[in-house]
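Enquirer: Just passing along the structure, written as structure tokens.
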Amino acid sequence: MKLQDFKKIIIAFIFLTSTSVFSQILNDTILKDSVRTATIPKLKNITPQTTPVLVVNDTIVKDSVRKIIVSVLDDNFYQKPDPQKLKYTLARIVTIPEIVQIEAHYSHWKGKNILGFDISEIAFVNWSAGGTSSISGLLKGDFNRTYERKYTKWVNELSIRYGMNKQDGIELRKTDDAFRFDSTFGYRRDPKSNWYHSGKLNFNTQLTNGYKYPDKSNPISRLFAPAYMFLGTGAEYSKKKKDLVFYASPFTYKATLVWDETLANLGSFGVEKAIYDEEGNVLKRGRRAKNEVGVLVTNHYKSEISKNVIFVSNVSLYSDYINKFGNVDVDCDLALNLVVNQYVRANIGARIIYDDDIKNKTEVAGVQVTEGPKTQIKQVLGVGLTYAF
């Protein structure tokens, strides 16, 4: 009930009590009850008596009732206190710095570097069966940088190989020389799918001159002579563990570069050779590049066939649409890695190459003769140290 309604009831009650009939009834009631008797406990030889306790001779007039009721209405118990007014004081304004939530930094780039050095040595001292002492060393470096997000993946790989051999009585010779760079960018619509729409760039060459030993006066290869570049787009299937990567491109541009003029004039590595007159003068220089467009298929496979024995294969197949379509260039690299511990490894490797544009050269009666294309095979066996970081 609201306070205003309660006041209205009290005012109505005051009005009723102010009438003469109500005053007469109230006076009669008070007079009847004004004398109260008290019973004294019965004692021996004492007769009980009735003793007047309270006698009210005055009549309660209507003004006295009104005063009581009004005082009750004015009591603070029935009224809500007025709200306190705010007190304002002079104070210095203090600026609270904004709290900014800093999220943990996460890079989508991942990198891996592996350096290795393989060495093999054999020495003979007063060995009755004879033999030639030799020592060989192979320096290897593999560097990987991968950017991977929900829908995109960009893999960059750089591989460098350089090996030398020294035997008693023979000059220092090169045994291995390779510089290879691969970059693949892929996009997928479904983050759960292993298929990507990919673009691929591959470039490989060598670092120093190559010779047909023992002839060291006429190099048969140089830096960027040859150099091979593949650039194309296609589809790639890549597992999360990256133990299987398959790539197929129906449209791939292949460039064969021979930036050495002497080798270009000879028509080495399939480029158009120079035209000479009868006296041997150059009428038209050889071309330093050969351009092709064809289909490319590559496959990378890695598996642990036994404990601490890992098999790795990289196969590349290419066929040109214009020149002899169906004649496939093959580049197959096989390796068997035996892990001794974190730093010591042994490896057995073989590389097989067939390219119809590369003509084999041999020496007959002291004269270098160019033959047709042949299968090229290189086998490597080594034990060495590796360091990954």
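Please note that chains go A, B, ... in the order of the structure tokens, that every chain numbers its residues from 1, and that ligands are numbered from 1 in the order shown.
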Quick one: residues within 12 Å of A:Phe251, only C-alpha atoms counted, chain neighbours fewer than 4 positions away excluded, as a list in words?
Expert: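 Skipping anything fewer than 4 positions along the chain leaves Ser198, Gly199, Lys200, Phe230, Leu231, Gly232, Thr233, Gly234, Ala235, Glu292, Val293, Gly294, Val295, Leu296, Val297, Tyr318, Ser319, Asp320 and Tyr321 of chain A.
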Enquirer: Can those selected residues be exported to a file as a compact mmCIF listing (two decimals), in the first residue's frame so that it contains C-alpha atoms?
Expert:
# COMPACT_ATOMS: atom_id res chain seq x y z
CA SER A 198 49.96 -24.83 -57.80
CA GLY A 199 52.57 -22.85 -59.68
CA LYS A 200 56.10 -24.25 -59.77
CA PHE A 230 61.07 -24.92 -65.44
CA LEU A 231 58.09 -22.63 -64.92
CA GLY A 232 54.51 -23.87 -65.04
CA THR A 233 51.15 -24.31 -63.36
CA GLY A 234 49.19 -27.42 -62.51
CA ALA A 235 47.84 -29.53 -59.65
CA GLU A 292 60.33 -25.43 -75.00
CA VAL A 293 56.75 -25.90 -73.84
CA GLY A 294 55.54 -29.26 -72.63
CA VAL A 295 54.12 -31.39 -69.86
CA LEU A 296 55.91 -31.95 -66.53
CA VAL A 297 55.29 -34.59 -63.86
CA TYR A 318 59.23 -33.91 -69.02
CA SER A 319 58.09 -34.11 -72.66
CA ASP A 320 58.07 -31.25 -75.16
CA TYR A 321 54.91 -30.62 -77.23
Enquirer: Could you check which of A:Phe181, A:Ala255, A:Thr146, A:Lys216 is closest to A:Lys242, using only C-alpha atoms?
Expert: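 Going through A:Phe181, A:Ala255, A:Thr146, A:Lys216 one by one, the smallest distance to A:Lys242 is for A:Thr146.
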Enquirer: I'd like the contact shell of A:Gln167 - 6 Å cut-off, only C-alpha atoms, skipping same-chain residues fewer than 3 positions apart - returned as a list of chain:residue names.
Expert: A:Ser133, A:Ser134, A:Ile170
Enquirer: Which one is closest to A:Asn299: A:Ser136, A:Asn314, A:Thr205, A:Ser159? Count only C-alpha atoms.
Expert: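 Using only C-alpha atoms, A:Asn299 sits closest to A:Asn314.
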Enquirer: Nearest to A:Leu263: which of A:Lys239, A:Lys302, A:Leu223, A:Gln379 is it, counting only C-alpha atoms?
Expert: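 When distances to A:Leu263 are compared using only C-alpha atoms, the smallest one comes from A:Leu223.
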